[in-house]
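This is final.pdb. It holds PDB, C-alpha atoms.
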MODEL        1
ATOM      1  CA  MET A 680     -26.960 -24.356  21.776
ATOM      2  CA  LEU A 681     -30.435 -25.638  20.921
ATOM      3  CA  ARG A 682     -30.759 -27.240  24.313
ATOM      4  CA  THR A 683     -29.825 -23.963  25.969
ATOM      5  CA  SER A 684     -32.507 -22.050  24.000
ATOM      6  CA  LEU A 685     -35.177 -24.580  24.894
ATOM      7  CA  ALA A 686     -34.213 -24.474  28.546
ATOM      8  CA  VAL A 687     -34.382 -20.685  28.591
ATOM      9  CA  SER A 688     -37.785 -20.661  26.838
ATOM     10  CA  LEU A 689     -39.196 -23.206  29.285
ATOM     11  CA  ALA A 690     -37.931 -21.211  32.224
ATOM     12  CA  LEU A 691     -39.565 -18.066  30.871
ATOM     13  CA  ILE A 692     -42.874 -19.870  30.384
ATOM     14  CA  LEU A 693     -42.842 -21.290  33.885
ATOM     15  CA  ALA A 694     -41.939 -17.945  35.371
ATOM     16  CA  ALA A 695     -44.739 -16.094  33.562
ATOM     17  CA  PRO A 696     -47.964 -15.528  35.596
ATOM     18  CA  ALA A 697     -50.901 -17.773  34.779
ATOM     19  CA  CYS A 698     -53.330 -16.246  32.319
ATOM     20  CA  ASP A 699     -56.647 -15.276  33.985
ATOM     21  CA  ASN A 700     -59.431 -15.617  31.479
ATOM     22  CA  LYS A 701     -62.142 -14.338  33.865
ATOM     23  CA  PRO A 702     -63.481 -10.934  32.857
ATOM     24  CA  LYS A 703     -62.709  -8.237  35.365
ATOM     25  CA  VAL A 704     -65.753  -6.938  37.251
ATOM     26  CA  ASP A 705     -66.205  -3.204  37.381
ATOM     27  CA  PRO A 706     -67.236  -2.482  41.008
ATOM     28  CA  ALA A 707     -69.152   0.634  39.973
ATOM     29  CA  ALA A 708     -71.090  -1.259  37.297
ATOM     30  CA  GLN A 709     -71.843  -4.093  39.736
ATOM     31  CA  ALA A 710     -73.098  -1.634  42.345
ATOM     32  CA  GLU A 711     -75.313   0.019  39.763
ATOM     33  CA  GLU A 712     -76.725  -3.360  38.699
ATOM     34  CA  LEU A 713     -77.520  -4.309  42.307
ATOM     35  CA  LYS A 714     -79.173  -0.934  42.830
ATOM     36  CA  ARG A 715     -81.292  -1.531  39.731
ATOM     37  CA  ASP A 716     -82.217  -5.037  40.891
ATOM     38  CA  LEU A 717     -83.294  -3.716  44.277
ATOM     39  CA  SER A 718     -85.397  -0.939  42.753
ATOM     40  CA  ASN A 719     -87.074  -3.345  40.323
ATOM     41  CA  ALA A 720     -87.669  -5.884  43.086
ATOM     42  CA  MET A 721     -89.374  -3.299  45.295
ATOM     43  CA  ALA A 722     -91.649  -2.382  42.397
ATOM     44  CA  ARG A 723     -92.482  -6.067  41.904
ATOM     45  CA  VAL A 724     -93.285  -6.435  45.609
ATOM     46  CA  LYS A 725     -95.656  -3.485  45.378
ATOM     47  CA  ASP A 726     -97.378  -5.189  42.436
ATOM     48  CA  GLU A 727     -97.455  -8.495  44.377
ATOM     49  CA  LYS A 728     -95.229 -10.208  41.800
ATOM     50  CA  TYR A 729     -93.409 -12.031  44.540
ATOM     51  CA  GLU A 730     -91.638 -14.712  42.493
ATOM     52  CA  GLU A 731     -90.031 -12.141  40.204
ATOM     53  CA  ALA A 732     -89.079  -9.969  43.163
ATOM     54  CA  GLU A 733     -87.509 -12.883  45.021
ATOM     55  CA  ALA A 734     -85.170 -13.731  42.122
ATOM     56  CA  MET A 735     -83.880 -10.161  42.031
ATOM     57  CA  LEU A 736     -83.535  -9.924  45.796
ATOM     58  CA  ASN A 737     -81.591 -13.177  45.927
ATOM     59  CA  ARG A 738     -79.008 -11.597  43.639
ATOM     60  CA  VAL A 739     -78.770  -8.501  45.811
ATOM     61  CA  LEU A 740     -78.511 -10.451  49.065
ATOM     62  CA  ALA A 741     -75.910 -12.831  47.602
ATOM     63  CA  ALA A 742     -73.660  -9.809  47.064
ATOM     64  CA  GLU A 743     -74.790  -7.783  50.091
ATOM     65  CA  PRO A 744     -76.245 -10.117  52.768
ATOM     66  CA  GLU A 745     -76.841  -7.258  55.222
ATOM     67  CA  ASN A 746     -78.510  -4.819  52.843
ATOM     68  CA  ALA A 747     -81.346  -3.549  55.046
ATOM     69  CA  LEU A 748     -83.653  -2.509  52.219
ATOM     70  CA  ALA A 749     -83.200  -5.856  50.490
ATOM     71  CA  LEU A 750     -83.898  -7.690  53.750
ATOM     72  CA  ALA A 751     -87.035  -5.622  54.236
ATOM     73  CA  ALA A 752     -88.204  -6.247  50.678
ATOM     74  CA  MET A 753     -87.634  -9.979  51.085
ATOM     75  CA  GLY A 754     -89.607  -9.742  54.314
ATOM     76  CA  ARG A 755     -92.478  -8.250  52.318
ATOM     77  CA  VAL A 756     -92.189 -11.150  49.874
ATOM     78  CA  ARG A 757     -92.493 -13.606  52.760
ATOM     79  CA  LEU A 758     -95.489 -11.695  54.134
ATOM     80  CA  GLY A 759     -97.127 -11.822  50.733
ATOM     81  CA  THR A 760     -96.586 -15.575  50.492
ATOM     82  CA  LYS A 761     -97.805 -16.094  54.086
ATOM     83  CA  LYS A 762     -94.464 -17.327  55.421
ATOM     84  CA  TYR A 763     -94.819 -15.205  58.512
ATOM     85  CA  PRO A 764     -92.004 -16.524  60.759
ATOM     86  CA  GLU A 765     -89.494 -16.064  57.915
ATOM     87  CA  ALA A 766     -90.889 -12.602  57.236
ATOM     88  CA  LEU A 767     -90.472 -11.621  60.863
ATOM     89  CA  GLY A 768     -86.842 -12.718  60.985
ATOM     90  CA  LEU A 769     -85.976 -10.711  57.889
ATOM     91  CA  LEU A 770     -87.861  -7.624  59.014
ATOM     92  CA  GLU A 771     -86.338  -7.674  62.495
ATOM     93  CA  ARG A 772     -82.866  -7.745  60.924
ATOM     94  CA  ALA A 773     -83.820  -4.837  58.668
ATOM     95  CA  ALA A 774     -85.266  -2.853  61.566
ATOM     96  CA  GLN A 775     -82.078  -3.287  63.599
ATOM     97  CA  LYS A 776     -80.171  -1.587  60.803
ATOM     98  CA  LEU A 777     -82.782   1.061  59.935
ATOM     99  CA  PRO A 778     -84.837   1.573  63.119
ATOM    100  CA  ASP A 779     -86.348   4.854  61.911
ATOM    101  CA  ASP A 780     -87.584   3.543  58.572
ATOM    102  CA  VAL A 781     -91.363   3.943  58.621
ATOM    103  CA  GLY A 782     -92.072   1.297  55.992
ATOM    104  CA  ILE A 783     -89.957  -1.310  57.759
ATOM    105  CA  GLN A 784     -91.675  -0.617  61.102
ATOM    106  CA  ALA A 785     -95.112  -0.866  59.483
ATOM    107  CA  SER A 786     -94.190  -4.179  57.846
ATOM    108  CA  LEU A 787     -92.808  -5.398  61.156
ATOM    109  CA  GLY A 788     -96.111  -4.504  62.815
ATOM    110  CA  GLU A 789     -97.951  -6.506  60.175
ATOM    111  CA  ALA A 790     -95.713  -9.536  60.758
ATOM    112  CA  TYR A 791     -96.272  -9.371  64.520
ATOM    113  CA  THR A 792    -100.022  -9.090  63.929
ATOM    114  CA  LYS A 793    -100.034 -12.161  61.681
ATOM    115  CA  LEU A 794     -98.188 -14.091  64.390
ATOM    116  CA  ASP A 795    -100.653 -12.936  67.078
ATOM    117  CA  ARG A 796     -98.171 -10.777  68.963
ATOM    118  CA  PRO A 797    -100.263  -7.627  69.465
ATOM    119  CA  ALA A 798     -98.038  -6.017  72.096
ATOM    120  CA  ASP A 799     -95.057  -6.138  69.736
ATOM    121  CA  ALA A 800     -97.274  -5.021  66.856
ATOM    122  CA  ALA A 801     -98.367  -1.984  68.879
ATOM    123  CA  THR A 802     -94.728  -1.027  69.472
ATOM    124  CA  ALA A 803     -93.850  -1.327  65.785
ATOM    125  CA  TYR A 804     -96.911   0.609  64.616
ATOM    126  CA  ALA A 805     -96.189   3.281  67.245
ATOM    127  CA  ALA A 806     -92.750   3.765  65.682
ATOM    128  CA  ALA A 807     -94.300   3.997  62.218
ATOM    129  CA  PHE A 808     -96.928   6.503  63.400
ATOM    130  CA  LYS A 809     -94.273   8.581  65.160
ATOM    131  CA  GLY A 810     -92.238   8.659  61.966
ATOM    132  CA  GLU A 811     -95.230   9.586  59.819
ATOM    133  CA  PRO A 812     -97.879  11.185  62.070
ATOM    134  CA  ALA A 813     -99.967  12.335  59.101
ATOM    135  CA  ASN A 814    -100.659   8.704  58.184
ATOM    136  CA  GLY A 815    -103.655   7.834  60.346
ATOM    137  CA  ASN A 816    -103.642   4.195  59.289
ATOM    138  CA  TYR A 817    -100.527   3.572  61.387
ATOM    139  CA  GLY A 818    -102.214   5.070  64.425
ATOM    140  CA  LEU A 819    -105.371   3.069  63.735
ATOM    141  CA  LEU A 820    -103.375  -0.165  63.599
ATOM    142  CA  GLN A 821    -101.548   0.795  66.783
ATOM    143  CA  GLY A 822    -104.870   1.457  68.505
ATOM    144  CA  GLN A 823    -106.280  -1.888  67.374
ATOM    145  CA  ALA A 824    -103.225  -3.705  68.727
ATOM    146  CA  LEU A 825    -103.438  -1.836  72.036
ATOM    147  CA  ARG A 826    -107.099  -2.762  72.330
ATOM    148  CA  LYS A 827    -106.221  -6.440  71.894
ATOM    149  CA  VAL A 828    -103.859  -6.292  74.865
ATOM    150  CA  LYS A 829    -106.457  -4.348  76.862
ATOM    151  CA  GLN A 830    -104.419  -1.150  77.090
ATOM    152  CA  LEU A 831    -107.650   0.713  76.580
ATOM    153  CA  ASP A 832    -106.615   4.099  77.948
ATOM    154  CA  LYS A 833    -103.589   4.192  75.663
ATOM    155  CA  ALA A 834    -105.676   2.959  72.726
ATOM    156  CA  GLU A 835    -108.205   5.730  73.349
ATOM    157  CA  GLU A 836    -105.421   8.330  73.426
ATOM    158  CA  VAL A 837    -103.905   7.136  70.143
ATOM    159  CA  LEU A 838    -107.244   6.877  68.341
ATOM    160  CA  ARG A 839    -108.295  10.339  69.460
ATOM    161  CA  GLU A 840    -105.011  11.640  68.050
ATOM    162  CA  VAL A 841    -105.760   9.934  64.736
ATOM    163  CA  ALA A 842    -109.259  11.412  64.662
ATOM    164  CA  LYS A 843    -107.773  14.847  65.260
ATOM    165  CA  THR A 844    -104.960  14.676  62.699
ATOM    166  CA  ASP A 845    -106.473  12.443  60.001
ATOM    167  CA  ALA A 846    -110.228  12.255  60.489
ATOM    168  CA  GLN A 847    -110.717  10.594  57.100
ATOM    169  CA  THR A 848    -108.941   7.453  58.278
ATOM    170  CA  GLU A 849    -111.581   4.808  57.697
ATOM    171  CA  PHE A 850    -112.872   3.035  60.821
ATOM    172  CA  VAL A 851    -111.082   5.312  63.296
ATOM    173  CA  TYR A 852    -114.337   6.498  64.891
ATOM    174  CA  THR A 853    -115.722   2.957  64.953
ATOM    175  CA  GLU A 854    -112.554   1.636  66.571
ATOM    176  CA  LEU A 855    -112.653   4.501  69.077
ATOM    177  CA  GLY A 856    -116.288   3.672  69.775
ATOM    178  CA  ASP A 857    -115.345   0.039  70.468
ATOM    179  CA  VAL A 858    -112.622   1.110  72.903
ATOM    180  CA  LEU A 859    -114.933   3.551  74.706
ATOM    181  CA  ARG A 860    -117.627   0.860  74.943
ATOM    182  CA  GLU A 861    -115.160  -1.556  76.530
ATOM    183  CA  GLU A 862    -114.178   1.208  78.964
ATOM    184  CA  GLY A 863    -117.828   1.613  79.933
ATOM    185  CA  LYS A 864    -118.078   5.117  78.456
ATOM    186  CA  LEU A 865    -121.323   4.334  76.685
ATOM    187  CA  ASP A 866    -122.549   7.818  75.806
ATOM    188  CA  GLU A 867    -119.163   8.789  74.340
ATOM    189  CA  SER A 868    -119.025   5.474  72.541
ATOM    190  CA  LEU A 869    -122.401   6.037  70.907
ATOM    191  CA  LYS A 870    -121.368   9.530  69.789
ATOM    192  CA  SER A 871    -118.243   8.054  68.193
ATOM    193  CA  TYR A 872    -120.291   5.492  66.261
ATOM    194  CA  MET A 873    -122.632   8.222  65.043
ATOM    195  CA  LYS A 874    -119.634  10.286  63.954
ATOM    196  CA  ALA A 875    -118.353   7.245  62.053
ATOM    197  CA  LEU A 876    -121.623   7.031  60.151
ATOM    198  CA  ILE A 877    -121.454  10.716  59.267
ATOM    199  CA  GLU A 878    -117.876  10.458  57.964
ATOM    200  CA  HIS A 879    -118.312   7.036  56.340
ATOM    201  CA  PRO A 880    -122.000   6.146  55.809
ATOM    202  CA  GLY A 881    -121.069   2.695  54.525
ATOM    203  CA  ASP A 882    -119.303   1.698  57.741
ATOM    204  CA  LYS A 883    -121.624  -1.122  58.781
ATOM    205  CA  SER A 884    -119.432  -1.988  61.788
ATOM    206  CA  ALA A 885    -120.555   1.273  63.387
ATOM    207  CA  HIS A 886    -124.143  -0.018  63.337
ATOM    208  CA  ALA A 887    -123.059  -3.215  65.088
ATOM    209  CA  GLY A 888    -121.167  -1.217  67.702
ATOM    210  CA  ALA A 889    -124.088   1.120  68.294
ATOM    211  CA  ALA A 890    -126.374  -1.906  68.647
ATOM    212  CA  GLU A 891    -124.250  -3.215  71.494
ATOM    213  CA  VAL A 892    -124.256   0.148  73.252
ATOM    214  CA  TYR A 893    -128.055   0.314  73.046
ATOM    215  CA  ALA A 894    -128.233  -3.261  74.338
ATOM    216  CA  LEU A 895    -126.059  -2.350  77.337
ATOM    217  CA  GLN A 896    -128.316   0.635  77.985
ATOM    218  CA  GLY A 897    -131.382  -1.632  77.906
ATOM    219  CA  ASN A 898    -132.789  -0.086  74.743
ATOM    220  CA  HIS A 899    -133.562  -3.349  72.968
ATOM    221  CA  ARG A 900    -135.633  -1.827  70.188
ATOM    222  CA  LYS A 901    -132.870   0.518  69.019
ATOM    223  CA  ALA A 902    -130.337  -2.291  69.325
ATOM    224  CA  ILE A 903    -132.504  -4.455  67.057
ATOM    225  CA  ASP A 904    -132.853  -1.601  64.583
ATOM    226  CA  GLU A 905    -129.084  -1.133  64.379
ATOM    227  CA  TYR A 906    -128.415  -4.835  63.839
ATOM    228  CA  SER A 907    -131.188  -4.954  61.246
ATOM    229  CA  THR A 908    -129.510  -2.102  59.383
ATOM    230  CA  TYR A 909    -126.246  -4.011  59.465
ATOM    231  CA  ILE A 910    -127.911  -7.084  57.940
ATOM    232  CA  ARG A 911    -129.530  -4.995  55.192
ATOM    233  CA  MET A 912    -126.088  -3.668  54.310
ATOM    234  CA  ASP A 913    -124.399  -7.071  54.455
ATOM    235  CA  CYS A 914    -127.009  -9.785  54.360
ATOM    236  CA  CYS A 915    -124.983 -12.947  53.955
ATOM    237  CA  SER A 916    -121.621 -12.525  55.690
ATOM    238  CA  ASP A 917    -120.455 -14.711  58.554
ATOM    239  CA  PHE A 918    -120.958 -11.815  60.943
ATOM    240  CA  SER A 919    -124.546 -11.351  59.802
ATOM    241  CA  ASN A 920    -125.353 -15.050  60.069
ATOM    242  CA  LYS A 921    -123.363 -15.968  63.151
ATOM    243  CA  THR A 922    -123.533 -12.777  65.211
ATOM    244  CA  ALA A 923    -126.081 -10.205  64.065
ATOM    245  CA  LYS A 924    -129.045 -12.530  63.476
ATOM    246  CA  PRO A 925    -128.577 -14.493  66.724
ATOM    247  CA  ARG A 926    -128.185 -11.216  68.615
ATOM    248  CA  ILE A 927    -131.460  -9.939  67.168
ATOM    249  CA  ALA A 928    -133.189 -13.108  68.395
ATOM    250  CA  GLU A 929    -131.663 -12.604  71.870
ATOM    251  CA  LEU A 930    -132.678  -8.953  71.952
ATOM    252  CA  GLN A 931    -136.225  -9.752  70.829
ATOM    253  CA  ALA A 932    -136.493 -12.298  73.644
ATOM    254  CA  ALA A 933    -135.117  -9.785  76.137
ATOM    255  CA  ALA A 934    -137.553  -7.123  74.920
ATOM    256  CA  ALA A 935    -140.471  -9.527  75.258
ATOM    257  CA  ALA A 936    -139.445 -10.439  78.797
ATOM    258  CA  ALA A 937    -138.904  -6.870  79.923
ATOM    259  CA  PRO A 938    -141.648  -5.262  82.034
ATOM    260  CA  PRO A 939    -143.788  -2.754  80.178
ATOM    261  CA  ALA A 940    -142.599   0.811  80.336
ATOM    262  CA  THR A 941    -144.289   3.026  82.895
ATOM    263  CA  PRO A 942    -146.614   5.545  81.200
TER
ENDMDL
END
Final structure tokens representation of the file:
Amino acid sequence: MLRTSLAVSLALILAAPACDNKPKVDPAAQAEELKRDLSNAMARVKDEKYEEAEAMLNRVLAAEPENALALAAMGRVRLGTKKYPEALGLLERAAQKLPDDVGIQASLGEAYTKLDRPADAATAYAAAFKGEPANGNYGLLQGQALRKVKQLDKAEEVLREVAKTDAQTEFVYTELGDVLREEGKLDESLKSYMKALIEHPGDKSAHAGAAEVYALQGNHRKAIDEYSTYIRMDCCSDFSNKTAKPRIAELQAAAAAAPPATP
């Protein structure tokens, strides 16, 4: 009888399911925690606390490897730590999932710029500017990228649009002046530089641009004056020492060699 009881007890034990000591995960609570991690990580990225952000994003991406916002935020981390190829890969994946996200397109444009791919940067910034046309900085960056690939007519069009919709965008008139100068539209270029100095009197680059227009027009004295103003505003920069000062010496030599003006 005892043997029978033991046999029955053993059979019941063996038949019983194994005890699972792991705590059950509440999917809703886990989702909320990941959402909180992502939000906190994005705030850390904004504050340039990249190490803290990366730890949080690793948790999110471990659970959701294709989370577009997490991929984009990790791309920003890689941009901030100057790991540009890694940043580009992450941001391209994010952009495939959220092609209309303005922030992702702007970050993608920055990654392309860092990797010296201005044509791709122009495309990304164009998407960002289209998505947020009131933000002139996106149009400015698009125009700069277009200028690098010598699409000057398109760059002029974009920069004029920025000047019309967001005239307070810093450097837009200077950048437009540079494009017009490269197109050979010297009078329009000079007007754009003067407009830059009205809107932003501290924009020393406008003085350098105006100096080059005057030089192309053969007005050496005004060109020297503009470069001299630049140097007074920024006496010791690389541009002052390596470009502005040598250009003044060249212009002084050219002025000395020029025939005297006819009375």
task: Considering all atoms listed in the file, return as an MDAnalysis selection string whatever protein or nucleic-acid residues lie within 10 Å of Thr853 of chain A, sequence-local ones (same chain, fewer than 3 positions apart) excluded.
output: chainID A and resid 838 849:850 856:859 868:876 879 882:889
If the PyMOL selection byres ((chain A and resi 734-737) around 12) is run on the structure shown, which residues does it catch, given as a compact mmCIF listing (two decimals) with C-alpha atoms, in the frame of the given file?
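Saved result, selection37.txt, follows:
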# COMPACT_ATOMS: atom_id res chain seq x y z
CA GLU A 712 -76.72 -3.36 38.70
CA LEU A 713 -77.52 -4.31 42.31
CA LYS A 714 -79.17 -0.93 42.83
CA ARG A 715 -81.29 -1.53 39.73
CA ASP A 716 -82.22 -5.04 40.89
CA LEU A 717 -83.29 -3.72 44.28
CA SER A 718 -85.40 -0.94 42.75
CA ASN A 719 -87.07 -3.34 40.32
CA ALA A 720 -87.67 -5.88 43.09
CA MET A 721 -89.37 -3.30 45.30
CA ALA A 722 -91.65 -2.38 42.40
CA ARG A 723 -92.48 -6.07 41.90
CA VAL A 724 -93.28 -6.44 45.61
CA LYS A 728 -95.23 -10.21 41.80
CA TYR A 729 -93.41 -12.03 44.54
CA GLU A 730 -91.64 -14.71 42.49
CA GLU A 731 -90.03 -12.14 40.20
CA ALA A 732 -89.08 -9.97 43.16
CA GLU A 733 -87.51 -12.88 45.02
CA ARG A 738 -79.01 -11.60 43.64
CA VAL A 739 -78.77 -8.50 45.81
CA LEU A 740 -78.51 -10.45 49.06
CA ALA A 741 -75.91 -12.83 47.60
CA ALA A 742 -73.66 -9.81 47.06
CA GLU A 743 -74.79 -7.78 50.09
CA PRO A 744 -76.24 -10.12 52.77
CA GLU A 745 -76.84 -7.26 55.22
CA ASN A 746 -78.51 -4.82 52.84
CA ALA A 747 -81.35 -3.55 55.05
CA LEU A 748 -83.65 -2.51 52.22
CA ALA A 749 -83.20 -5.86 50.49
CA LEU A 750 -83.90 -7.69 53.75
CA ALA A 751 -87.04 -5.62 54.24
CA ALA A 752 -88.20 -6.25 50.68
CA MET A 753 -87.63 -9.98 51.08
CA GLY A 754 -89.61 -9.74 54.31
CA ARG A 755 -92.48 -8.25 52.32
CA VAL A 756 -92.19 -11.15 49.87
CA ARG A 757 -92.49 -13.61 52.76
field: Two-atom distance - atom CA of Glu867 of chain A, atom CA of Ala890 of chain A (Å)
entry: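 Spanning atom CA of Glu867 of chain A to atom CA of Ala890 of chain A is a straight-line distance of 14.1 Å.
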- prompt: Pick the closest to Leu865 of chain A from A:Gln823, A:Gln931, A:Thr848, A:Gln896: which is it, counting all atoms listed in the file?
  reply: A:Gln896
task: Tell me which residues the PyMOL selection byres ((chain A and resi 810) around 8) grabs here, as number ranges by chain.
output: A: 779-781, 806-809, 811-812
task: Between atom CA of His899 of chain A and atom CA of Asp913 of chain A, measure the distance and give it in Å to one decimal.
output: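 It comes out at 21.0 Å.
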message: I need the output of the PyMOL selection byres ((chain A and resi 841) around 9) for this file as a list of chain:residue names; which residues are they?
response: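 Matching residues under the PyMOL selection byres ((chain A and resi 841) around 9) are A:Pro812, A:Ala813, A:Asn814, A:Gly815, A:Asn816, A:Tyr817, A:Gly818, A:Leu819, A:Glu836, A:Val837, A:Leu838, A:Arg839, A:Glu840, A:Ala842, A:Lys843, A:Thr844, A:Asp845, A:Ala846, A:Thr848, A:Val851.
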query: How many Å lie between atom CA of Glu765 of chain A and atom CA of Leu794 of chain A, rounded to one decimal?
result: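 These two atoms are separated by 11.0 Å.
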- request: Identify, on the basis of only C-alpha atoms, every residue whose closest approach to Ala801 of chain A does not exceed 8 Å; exclude the query and any residue fewer than 3 positions from it along the same chain; express the result as a list in words.
  value: Gly788, Pro797, Ala798, Tyr804, Ala805, Leu820, Gln821, Gly822, Ala824 and Leu825 of chain A
If the box runs along x, y and z of the file and leaves 8 Å on each side of segment 790-802 of chain A, what are its centre and edge lengths in Å, one decimal, as JSON?
{"center_x": -97.7, "center_y": -7.6, "center_z": 66.4, "size_x": 21.9, "size_y": 29.1, "size_z": 27.3}
Selected residue, from A:Arg796, A:Ala937, A:Asp904, A:Thr802, that lies nearest to Lys827 of chain A when counting only C-alpha atoms: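 Ranking A:Arg796, A:Ala937, A:Asp904, A:Thr802 by distance to Lys827 of chain A, first place goes to A:Arg796.
You can rank A:Asp799, A:Gln709, A:Ile927, A:Gly897 by their closest distance to Ile910 of chain A using all atoms listed in the file, and at the top of that list sits A:Ile927.
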- prompt: In terms of the shortest atom-to-atom distance over all atoms listed in the file, which of A:Arg911, A:Lys829, A:Lys901, A:Lys921 is closest to Gly881 of chain A?
  reply: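 Smallest distance to Gly881 of chain A is found for A:Arg911.
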task: Quick one: everything within 9 Å of Ser919 of chain A, counting all atoms listed in the file, minus sequence neighbours fewer than 5 positions away in the same chain. Send it as an MDAnalysis selection string.
output: chainID A and resid 906 909:910 913:914 924:925
- prompt: Mind listing as a list in words all residues within 7 Å of (-93.7, -9.2, 58.6), counting only C-alpha atoms?
  reply: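 Counting only C-alpha atoms, I find these residues within 7 Å of (-93.7, -9.2, 58.6): Gly754, Arg755, Leu758, Tyr763, Ala766, Leu767, Leu770, Ser786, Leu787, Gly788, Glu789, Ala790 and Tyr791 of chain A.
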What does the file look like for those residues with C-alpha atoms, as a PDB file, in the coordinates of the input?
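Output contents, as saved in again.pdb:
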ATOM      1  CA  GLY A 754     -89.607  -9.742  54.314  1.00  0.00           C
ATOM      2  CA  ARG A 755     -92.478  -8.250  52.318  1.00  0.00           C
ATOM      3  CA  LEU A 758     -95.489 -11.695  54.134  1.00  0.00           C
ATOM      4  CA  TYR A 763     -94.819 -15.205  58.512  1.00  0.00           C
ATOM      5  CA  ALA A 766     -90.889 -12.602  57.236  1.00  0.00           C
ATOM      6  CA  LEU A 767     -90.472 -11.621  60.863  1.00  0.00           C
ATOM      7  CA  LEU A 770     -87.861  -7.624  59.014  1.00  0.00           C
ATOM      8  CA  SER A 786     -94.190  -4.179  57.846  1.00  0.00           C
ATOM      9  CA  LEU A 787     -92.808  -5.398  61.156  1.00  0.00           C
ATOM     10  CA  GLY A 788     -96.111  -4.504  62.815  1.00  0.00           C
ATOM     11  CA  GLU A 789     -97.951  -6.506  60.175  1.00  0.00           C
ATOM     12  CA  ALA A 790     -95.713  -9.536  60.758  1.00  0.00           C
ATOM     13  CA  TYR A 791     -96.272  -9.371  64.520  1.00  0.00           C
TER      14      TYR A 791
END
